[in-house]
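Reproduced below: input_25.txt, with compact mmCIF, N, CA and C atoms.
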# COMPACT_ATOMS: atom_id res chain seq x y z
N MET W 268 97.97 -37.95 46.03
CA MET W 268 98.76 -36.86 45.51
C MET W 268 99.13 -37.11 44.05
N GLU W 269 99.37 -38.37 43.72
CA GLU W 269 99.71 -38.67 42.33
C GLU W 269 98.54 -38.36 41.40
N ALA W 270 97.31 -38.66 41.82
CA ALA W 270 96.14 -38.36 41.01
C ALA W 270 95.97 -36.85 40.85
N ILE W 271 96.23 -36.10 41.91
CA ILE W 271 96.16 -34.64 41.82
C ILE W 271 97.23 -34.13 40.87
N ALA W 272 98.46 -34.67 40.98
CA ALA W 272 99.56 -34.25 40.11
C ALA W 272 99.26 -34.54 38.64
N ARG W 273 98.58 -35.66 38.37
CA ARG W 273 98.22 -36.00 36.98
C ARG W 273 97.06 -35.16 36.46
N GLY W 274 96.36 -34.51 37.38
CA GLY W 274 95.21 -33.70 36.97
C GLY W 274 93.95 -34.53 36.77
N ASP W 275 93.88 -35.71 37.42
CA ASP W 275 92.73 -36.59 37.27
C ASP W 275 91.53 -36.17 38.11
N ILE W 276 91.72 -35.22 38.99
CA ILE W 276 90.66 -34.85 39.92
C ILE W 276 90.32 -33.37 39.72
N ALA W 277 89.02 -33.10 39.57
CA ALA W 277 88.56 -31.71 39.44
C ALA W 277 87.63 -31.39 40.60
N ASN W 278 87.63 -30.16 41.04
CA ASN W 278 86.73 -29.70 42.10
C ASN W 278 86.87 -30.53 43.37
N LEU W 279 88.07 -30.76 43.76
CA LEU W 279 88.36 -31.56 44.94
C LEU W 279 87.99 -30.79 46.20
N ILE W 280 87.32 -31.48 47.14
CA ILE W 280 87.01 -30.91 48.44
C ILE W 280 87.73 -31.76 49.48
N VAL W 281 88.53 -31.11 50.31
CA VAL W 281 89.24 -31.80 51.38
C VAL W 281 88.62 -31.34 52.70
N VAL W 282 88.17 -32.30 53.50
CA VAL W 282 87.56 -32.00 54.79
C VAL W 282 88.52 -32.47 55.88
N LEU W 283 88.91 -31.54 56.73
CA LEU W 283 89.76 -31.85 57.87
C LEU W 283 88.93 -31.65 59.14
N ASP W 284 88.69 -32.73 59.86
CA ASP W 284 87.81 -32.68 61.04
C ASP W 284 88.64 -32.58 62.31
N GLU W 285 88.14 -31.80 63.25
CA GLU W 285 88.74 -31.61 64.57
C GLU W 285 90.19 -31.18 64.48
N LEU W 286 90.47 -30.25 63.57
CA LEU W 286 91.83 -29.76 63.37
C LEU W 286 92.35 -29.03 64.61
N ASP W 287 91.45 -28.52 65.43
CA ASP W 287 91.87 -27.83 66.66
C ASP W 287 92.50 -28.79 67.67
N LYS W 288 92.32 -30.09 67.46
CA LYS W 288 92.90 -31.07 68.37
C LYS W 288 94.23 -31.62 67.87
N LEU W 289 94.67 -31.15 66.71
CA LEU W 289 95.93 -31.60 66.12
C LEU W 289 97.10 -31.09 66.92
N LYS W 290 97.99 -31.97 67.27
CA LYS W 290 99.21 -31.60 67.98
C LYS W 290 100.39 -32.16 67.21
N ASP W 291 101.42 -31.35 67.06
CA ASP W 291 102.65 -31.80 66.42
C ASP W 291 103.69 -31.98 67.51
N HIS W 292 104.02 -33.23 67.80
CA HIS W 292 104.94 -33.52 68.90
C HIS W 292 106.36 -33.80 68.40
N GLY W 293 106.63 -33.47 67.13
CA GLY W 293 107.95 -33.73 66.58
C GLY W 293 109.01 -32.80 67.16
N HIS W 294 110.26 -33.21 67.06
CA HIS W 294 111.38 -32.40 67.53
C HIS W 294 111.49 -31.16 66.65
N ASN W 295 111.66 -30.01 67.25
CA ASN W 295 111.76 -28.73 66.55
C ASN W 295 110.51 -28.39 65.75
N SER W 296 109.36 -28.86 66.19
CA SER W 296 108.12 -28.58 65.48
C SER W 296 107.63 -27.18 65.82
N SER W 297 106.83 -26.63 64.92
CA SER W 297 106.26 -25.31 65.18
C SER W 297 105.21 -25.43 66.27
N PRO W 298 104.91 -24.34 66.97
CA PRO W 298 103.92 -24.42 68.03
C PRO W 298 102.53 -24.76 67.50
N GLN W 299 102.23 -24.42 66.27
CA GLN W 299 100.93 -24.71 65.67
C GLN W 299 101.15 -25.50 64.38
N ALA W 300 100.77 -26.77 64.40
CA ALA W 300 100.95 -27.61 63.21
C ALA W 300 100.11 -27.11 62.04
N THR W 301 99.03 -26.40 62.32
CA THR W 301 98.17 -25.89 61.25
C THR W 301 98.85 -24.84 60.38
N GLU W 302 99.91 -24.22 60.90
CA GLU W 302 100.61 -23.20 60.11
C GLU W 302 101.21 -23.79 58.84
N ALA W 303 101.48 -25.08 58.82
CA ALA W 303 102.00 -25.72 57.62
C ALA W 303 100.96 -25.72 56.50
N LEU W 304 99.69 -25.62 56.85
CA LEU W 304 98.63 -25.62 55.85
C LEU W 304 98.39 -24.25 55.22
N VAL W 305 98.88 -23.20 55.85
CA VAL W 305 98.61 -21.84 55.37
C VAL W 305 99.03 -21.68 53.91
N GLY W 306 100.17 -22.25 53.53
CA GLY W 306 100.63 -22.14 52.14
C GLY W 306 99.70 -22.79 51.14
N LEU W 307 98.92 -23.77 51.58
CA LEU W 307 97.99 -24.44 50.68
C LEU W 307 96.73 -23.61 50.44
N PHE W 308 96.50 -22.60 51.27
CA PHE W 308 95.33 -21.75 51.11
C PHE W 308 95.62 -20.55 50.22
N GLU W 309 96.89 -20.23 50.00
CA GLU W 309 97.27 -19.12 49.14
C GLU W 309 97.48 -19.66 47.72
N LYS W 310 96.73 -19.12 46.76
CA LYS W 310 96.72 -19.64 45.39
C LYS W 310 98.12 -19.75 44.79
N SER W 311 98.96 -18.74 44.97
CA SER W 311 100.27 -18.75 44.31
C SER W 311 101.18 -19.86 44.86
N SER W 312 101.22 -20.01 46.18
CA SER W 312 102.08 -21.05 46.74
C SER W 312 101.45 -22.43 46.57
N ALA W 313 100.13 -22.53 46.59
CA ALA W 313 99.46 -23.83 46.41
C ALA W 313 99.61 -24.33 44.97
N ALA W 314 99.81 -23.42 44.02
CA ALA W 314 99.94 -23.82 42.61
C ALA W 314 101.22 -24.61 42.36
N ALA W 315 102.21 -24.45 43.23
CA ALA W 315 103.47 -25.17 43.05
C ALA W 315 103.89 -25.82 44.36
N HIS W 316 102.96 -26.54 44.99
CA HIS W 316 103.23 -27.20 46.27
C HIS W 316 104.12 -28.42 46.05
N LEU W 317 105.20 -28.52 46.82
CA LEU W 317 106.07 -29.68 46.73
C LEU W 317 105.61 -30.71 47.76
N ASP W 318 105.16 -31.86 47.26
CA ASP W 318 104.78 -32.95 48.15
C ASP W 318 106.04 -33.71 48.51
N HIS W 319 106.41 -33.66 49.79
CA HIS W 319 107.67 -34.25 50.23
C HIS W 319 107.68 -35.77 50.12
N PHE W 320 106.53 -36.41 50.23
CA PHE W 320 106.48 -37.87 50.15
C PHE W 320 106.74 -38.35 48.72
N SER W 321 106.01 -37.79 47.75
CA SER W 321 106.15 -38.24 46.36
C SER W 321 107.22 -37.47 45.60
N GLN W 322 107.75 -36.40 46.18
CA GLN W 322 108.73 -35.53 45.53
C GLN W 322 108.21 -34.94 44.22
N LEU W 323 106.90 -34.69 44.19
CA LEU W 323 106.27 -34.11 43.01
C LEU W 323 105.83 -32.68 43.33
N SER W 324 105.92 -31.82 42.34
CA SER W 324 105.33 -30.49 42.46
C SER W 324 103.88 -30.62 42.01
N VAL W 325 102.98 -30.24 42.88
CA VAL W 325 101.57 -30.48 42.66
C VAL W 325 100.82 -29.15 42.70
N ASP W 326 99.92 -28.95 41.73
CA ASP W 326 99.05 -27.76 41.74
C ASP W 326 97.85 -28.08 42.65
N MET W 327 97.83 -27.45 43.81
CA MET W 327 96.75 -27.67 44.76
C MET W 327 95.92 -26.41 44.93
N SER W 328 96.03 -25.50 43.97
CA SER W 328 95.33 -24.22 44.07
C SER W 328 93.83 -24.33 43.84
N PHE W 329 93.38 -25.42 43.26
CA PHE W 329 91.95 -25.60 42.95
C PHE W 329 91.18 -26.31 44.06
N ILE W 330 91.87 -26.71 45.11
CA ILE W 330 91.24 -27.48 46.19
C ILE W 330 90.37 -26.58 47.04
N ASN W 331 89.20 -27.08 47.38
CA ASN W 331 88.29 -26.41 48.31
C ASN W 331 88.48 -27.08 49.66
N TRP W 332 88.74 -26.29 50.68
CA TRP W 332 89.02 -26.81 52.01
C TRP W 332 87.83 -26.57 52.93
N VAL W 333 87.47 -27.58 53.70
CA VAL W 333 86.47 -27.45 54.76
C VAL W 333 87.16 -27.91 56.03
N ILE W 334 87.31 -26.98 56.96
CA ILE W 334 88.00 -27.26 58.22
C ILE W 334 86.95 -27.24 59.33
N LEU W 335 86.85 -28.33 60.07
CA LEU W 335 85.87 -28.44 61.16
C LEU W 335 86.61 -28.41 62.48
N VAL W 336 86.18 -27.51 63.37
CA VAL W 336 86.80 -27.39 64.68
C VAL W 336 85.73 -27.15 65.73
N ASN W 337 86.06 -27.48 66.96
CA ASN W 337 85.18 -27.17 68.09
C ASN W 337 85.55 -25.84 68.70
N ASP W 338 86.84 -25.49 68.66
CA ASP W 338 87.32 -24.26 69.30
C ASP W 338 88.30 -23.56 68.38
N VAL W 339 87.83 -22.53 67.69
CA VAL W 339 88.67 -21.81 66.73
C VAL W 339 89.83 -21.09 67.42
N GLU W 340 89.70 -20.83 68.72
CA GLU W 340 90.75 -20.15 69.47
C GLU W 340 92.01 -21.01 69.61
N ARG W 341 91.89 -22.31 69.41
CA ARG W 341 93.05 -23.20 69.52
C ARG W 341 93.89 -23.23 68.24
N LEU W 342 93.44 -22.54 67.20
CA LEU W 342 94.17 -22.47 65.94
C LEU W 342 95.00 -21.20 65.89
N SER W 343 96.08 -21.23 65.12
CA SER W 343 96.94 -20.05 65.03
C SER W 343 96.22 -18.93 64.29
N LYS W 344 96.56 -17.70 64.64
CA LYS W 344 95.93 -16.54 64.01
C LYS W 344 96.21 -16.50 62.50
N PRO W 345 97.44 -16.76 62.02
CA PRO W 345 97.66 -16.76 60.57
C PRO W 345 96.77 -17.78 59.84
N PHE W 346 96.56 -18.92 60.47
CA PHE W 346 95.70 -19.95 59.88
C PHE W 346 94.26 -19.47 59.79
N VAL W 347 93.74 -18.94 60.89
CA VAL W 347 92.35 -18.48 60.93
C VAL W 347 92.14 -17.31 59.97
N ASP W 348 93.15 -16.45 59.82
CA ASP W 348 93.04 -15.30 58.92
C ASP W 348 92.88 -15.72 57.46
N CYS W 349 93.32 -16.93 57.13
CA CYS W 349 93.19 -17.45 55.76
C CYS W 349 91.84 -18.12 55.52
N CYS W 350 91.04 -18.23 56.55
CA CYS W 350 89.78 -18.98 56.45
C CYS W 350 88.57 -18.05 56.57
N GLN W 351 87.48 -18.49 55.99
CA GLN W 351 86.19 -17.86 56.25
C GLN W 351 85.55 -18.66 57.38
N VAL W 352 85.39 -18.03 58.51
CA VAL W 352 84.88 -18.73 59.69
C VAL W 352 83.35 -18.65 59.71
N VAL W 353 82.73 -19.82 59.82
CA VAL W 353 81.27 -19.92 59.94
C VAL W 353 81.00 -20.59 61.27
N ARG W 354 80.35 -19.87 62.16
CA ARG W 354 80.05 -20.42 63.49
C ARG W 354 78.63 -20.98 63.50
N LEU W 355 78.49 -22.18 64.01
CA LEU W 355 77.18 -22.81 64.13
C LEU W 355 76.81 -22.90 65.61
N PRO W 356 75.61 -22.49 65.95
CA PRO W 356 75.21 -22.58 67.36
C PRO W 356 74.96 -24.04 67.74
N PRO W 357 75.03 -24.34 69.03
CA PRO W 357 74.71 -25.71 69.45
C PRO W 357 73.25 -26.01 69.13
N PRO W 358 72.92 -27.28 68.95
CA PRO W 358 71.53 -27.61 68.62
C PRO W 358 70.58 -27.27 69.77
N SER W 359 69.39 -26.83 69.40
CA SER W 359 68.38 -26.49 70.41
C SER W 359 67.74 -27.77 70.95
N VAL W 360 66.97 -27.62 71.99
CA VAL W 360 66.24 -28.74 72.59
C VAL W 360 65.33 -29.37 71.54
N THR W 361 64.65 -28.53 70.78
CA THR W 361 63.73 -29.02 69.74
C THR W 361 64.49 -29.80 68.67
N GLU W 362 65.62 -29.27 68.24
CA GLU W 362 66.41 -29.95 67.21
C GLU W 362 66.93 -31.30 67.70
N ILE W 363 67.42 -31.34 68.94
CA ILE W 363 67.90 -32.61 69.49
C ILE W 363 66.76 -33.62 69.57
N SER W 364 65.59 -33.18 69.98
CA SER W 364 64.44 -34.08 70.08
C SER W 364 64.03 -34.61 68.71
N ARG W 365 64.03 -33.75 67.70
CA ARG W 365 63.68 -34.19 66.34
C ARG W 365 64.69 -35.20 65.80
N ILE W 366 65.96 -34.93 66.03
CA ILE W 366 67.00 -35.86 65.58
C ILE W 366 66.87 -37.18 66.31
N ALA W 367 66.60 -37.13 67.62
CA ALA W 367 66.42 -38.35 68.40
C ALA W 367 65.26 -39.17 67.86
N THR W 368 64.15 -38.52 67.54
CA THR W 368 62.98 -39.22 67.01
C THR W 368 63.32 -39.94 65.71
N ARG W 369 63.98 -39.23 64.80
CA ARG W 369 64.36 -39.84 63.51
C ARG W 369 65.32 -41.01 63.71
N GLU W 370 66.30 -40.83 64.60
CA GLU W 370 67.29 -41.88 64.83
C GLU W 370 66.67 -43.11 65.50
N ILE W 371 65.76 -42.90 66.43
CA ILE W 371 65.10 -44.02 67.10
C ILE W 371 64.30 -44.82 66.09
N GLU W 372 63.58 -44.12 65.22
CA GLU W 372 62.81 -44.82 64.17
C GLU W 372 63.74 -45.53 63.19
N ARG W 373 64.82 -44.86 62.78
CA ARG W 373 65.75 -45.45 61.81
C ARG W 373 66.42 -46.69 62.38
N ARG W 374 66.75 -46.65 63.65
CA ARG W 374 67.43 -47.78 64.29
C ARG W 374 66.47 -48.87 64.73
N GLY W 375 65.18 -48.62 64.64
CA GLY W 375 64.19 -49.61 65.05
C GLY W 375 64.14 -49.82 66.55
N LEU W 376 64.42 -48.78 67.30
CA LEU W 376 64.37 -48.88 68.76
C LEU W 376 62.94 -48.69 69.26
N GLU W 377 62.72 -48.98 70.52
CA GLU W 377 61.40 -48.86 71.12
C GLU W 377 60.92 -47.41 71.05
N PRO W 378 59.70 -47.15 70.55
CA PRO W 378 59.18 -45.78 70.45
C PRO W 378 59.09 -45.06 71.79
N GLU W 379 58.97 -45.81 72.90
CA GLU W 379 58.89 -45.18 74.22
C GLU W 379 60.17 -44.41 74.55
N LEU W 380 61.25 -44.77 73.89
CA LEU W 380 62.53 -44.10 74.13
C LEU W 380 62.47 -42.63 73.72
N ILE W 381 61.59 -42.29 72.78
CA ILE W 381 61.45 -40.90 72.32
C ILE W 381 61.07 -39.99 73.48
N ALA W 382 60.07 -40.38 74.25
CA ALA W 382 59.62 -39.57 75.39
C ALA W 382 60.71 -39.45 76.45
N THR W 383 61.44 -40.53 76.68
CA THR W 383 62.50 -40.52 77.69
C THR W 383 63.61 -39.55 77.29
N ILE W 384 64.03 -39.62 76.04
CA ILE W 384 65.10 -38.73 75.58
C ILE W 384 64.61 -37.29 75.50
N ALA W 385 63.37 -37.08 75.10
CA ALA W 385 62.83 -35.72 75.05
C ALA W 385 62.84 -35.10 76.45
N GLN W 386 62.46 -35.88 77.45
CA GLN W 386 62.46 -35.38 78.83
C GLN W 386 63.89 -35.07 79.30
N ALA W 387 64.83 -35.95 78.98
CA ALA W 387 66.23 -35.73 79.37
C ALA W 387 66.79 -34.49 78.66
N THR W 388 66.34 -34.26 77.44
CA THR W 388 66.79 -33.08 76.69
C THR W 388 66.24 -31.81 77.31
N ARG W 389 64.96 -31.82 77.68
CA ARG W 389 64.36 -30.65 78.33
C ARG W 389 65.02 -30.33 79.67
N LYS W 390 65.47 -31.38 80.38
CA LYS W 390 66.14 -31.18 81.67
C LYS W 390 67.63 -30.90 81.50
N ARG W 391 68.06 -30.72 80.23
CA ARG W 391 69.46 -30.39 79.89
C ARG W 391 70.45 -31.49 80.25
N ARG W 392 69.97 -32.73 80.29
CA ARG W 392 70.87 -33.86 80.51
C ARG W 392 71.50 -34.29 79.18
N VAL W 393 70.80 -34.00 78.08
CA VAL W 393 71.32 -34.24 76.74
C VAL W 393 71.43 -32.88 76.06
N THR W 394 72.67 -32.41 75.89
CA THR W 394 72.88 -31.06 75.36
C THR W 394 73.66 -31.05 74.05
N SER W 395 74.09 -32.22 73.60
CA SER W 395 74.87 -32.27 72.36
C SER W 395 74.49 -33.50 71.56
N LEU W 396 74.78 -33.45 70.28
CA LEU W 396 74.51 -34.61 69.41
C LEU W 396 75.43 -35.78 69.77
N ARG W 397 76.63 -35.47 70.24
CA ARG W 397 77.55 -36.53 70.66
C ARG W 397 76.94 -37.32 71.82
N THR W 398 76.40 -36.62 72.81
CA THR W 398 75.76 -37.29 73.95
C THR W 398 74.54 -38.09 73.49
N LEU W 399 73.75 -37.49 72.60
CA LEU W 399 72.58 -38.19 72.08
C LEU W 399 72.97 -39.49 71.40
N HIS W 400 73.98 -39.44 70.54
CA HIS W 400 74.37 -40.65 69.82
C HIS W 400 74.98 -41.69 70.74
N LYS W 401 75.66 -41.27 71.79
CA LYS W 401 76.16 -42.24 72.77
C LYS W 401 75.00 -42.96 73.45
N LEU W 402 73.95 -42.20 73.81
CA LEU W 402 72.77 -42.81 74.42
C LEU W 402 72.09 -43.78 73.45
N LEU W 403 71.94 -43.36 72.21
CA LEU W 403 71.28 -44.21 71.22
C LEU W 403 72.12 -45.45 70.90
N ASP W 404 73.45 -45.29 70.88
CA ASP W 404 74.32 -46.45 70.67
C ASP W 404 74.16 -47.44 71.83
N ALA W 405 74.08 -46.93 73.04
CA ALA W 405 73.90 -47.81 74.21
C ALA W 405 72.54 -48.50 74.15
N ALA W 406 71.51 -47.76 73.73
CA ALA W 406 70.17 -48.37 73.61
C ALA W 406 70.16 -49.43 72.52
N SER W 407 70.86 -49.17 71.42
CA SER W 407 70.95 -50.17 70.33
C SER W 407 71.66 -51.42 70.80
N ALA W 408 72.76 -51.23 71.54
CA ALA W 408 73.50 -52.38 72.05
C ALA W 408 72.66 -53.17 73.04
N ALA W 409 71.92 -52.48 73.90
CA ALA W 409 71.08 -53.17 74.89
C ALA W 409 69.97 -53.95 74.21
N SER W 410 69.38 -53.37 73.15
CA SER W 410 68.28 -54.08 72.47
C SER W 410 68.78 -55.27 71.66
N ALA W 411 70.06 -55.27 71.32
CA ALA W 411 70.62 -56.38 70.55
C ALA W 411 71.03 -57.55 71.43
N ARG W 412 71.16 -57.32 72.72
CA ARG W 412 71.54 -58.40 73.64
C ARG W 412 70.36 -59.34 73.85
N PRO W 413 70.63 -60.63 73.95
CA PRO W 413 69.54 -61.57 74.23
C PRO W 413 69.02 -61.43 75.65
N LEU W 414 67.74 -61.61 75.82
CA LEU W 414 67.13 -61.57 77.15
C LEU W 414 67.49 -62.84 77.90
N MET W 415 67.83 -62.67 79.16
CA MET W 415 68.17 -63.83 79.99
C MET W 415 67.09 -63.99 81.05
N ASN W 416 66.61 -65.19 81.22
CA ASN W 416 65.56 -65.44 82.23
C ASN W 416 66.18 -65.88 83.51
Mind converting the file's structure to C-alpha cells?
Amino acid sequence: MEAIARGDIANLIVVLDELDKLKDHGHNSSPQATEALVGLFEKSSAAAHLDHFSQLSVDMSFINWVILVNDVERLSKPFVDCCQVVRLPPPSVTEISRIATREIERRGLEPELIATIAQATRKRRVTSLRTLHKLLDAASAASARPLMN
C-alpha cells in the first residue's frame, strides 16, 4: 500500500482467486465480505481510499482487478454488478487429454500414462484440471519413490 501511495506502481493488476469461498466470520460482519471491495471498483471512491492499516489515503482508481470464482452466485449482487463477468466452460475431453500429454512429458513421467489418462478422461473419470493435476502429482510422487525388492 505504501508503494501505491507513493505512486511507484503503474498499471497494477490485482488477482483475487476463489473469492466466492471468502467468509467473514468477524463480529457484526456484513453477510458478504466482498461488499467491502465494491468501493474499490468505483473510480471516485477508489481515488481516495483510506487504508486502515497504514492510515494513508491511497489512489486505487488505476488498479485493474481480476476476480476468479467457481460460483458467481455465491457473490453479492452489488459486487457482481460492478464486474464484467466472463464465464469459461469446463475443459473438454480433448483439452484435458492435450494438457495431460504436455504435463506428462514436462514432468518426465512414463509415456504409457498418456493412454491411461486419456481412457479415464473419455470415461468421465477425469473431468477437471484439478483432478488431472492430483493424478499427475500422485504419479510424480510414485515415480520418485525408490523401488523396493
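With only C-alpha atoms as the atoms that count, the minimum distance from Lys344 (chain W) to the choices W:Thr301, W:Glu309, W:Ala382, W:Leu376 is reached by W:Thr301.
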Exercise: Pro345 (chain W) partners within 9 Å, only C-alpha atoms, chain neighbours under 3 positions left out, as a VMD selection string: chain W and resid 302 305 342 348 to 349
Which residues are close to Ala409 (chain W), i.e. within 12 Å by only C-alpha atoms, leaving aside same-chain residues fewer than 5 positions away? Reply as a ChimeraX atom specification. /W:376-377,402-404,414
DSSP says strand (DSSP E or B) for which residues of region 285-372 of chain W? Put them as number ranges by chain? W: 316-318, 323-325, 331-335
Contacts of Val336 (chain W) at 6.5 Å or less, counting all atoms listed in the file, minus same-chain residues fewer than 4 places along, as JSON, numbers by chain? {"W": [284, 285, 286, 287]}
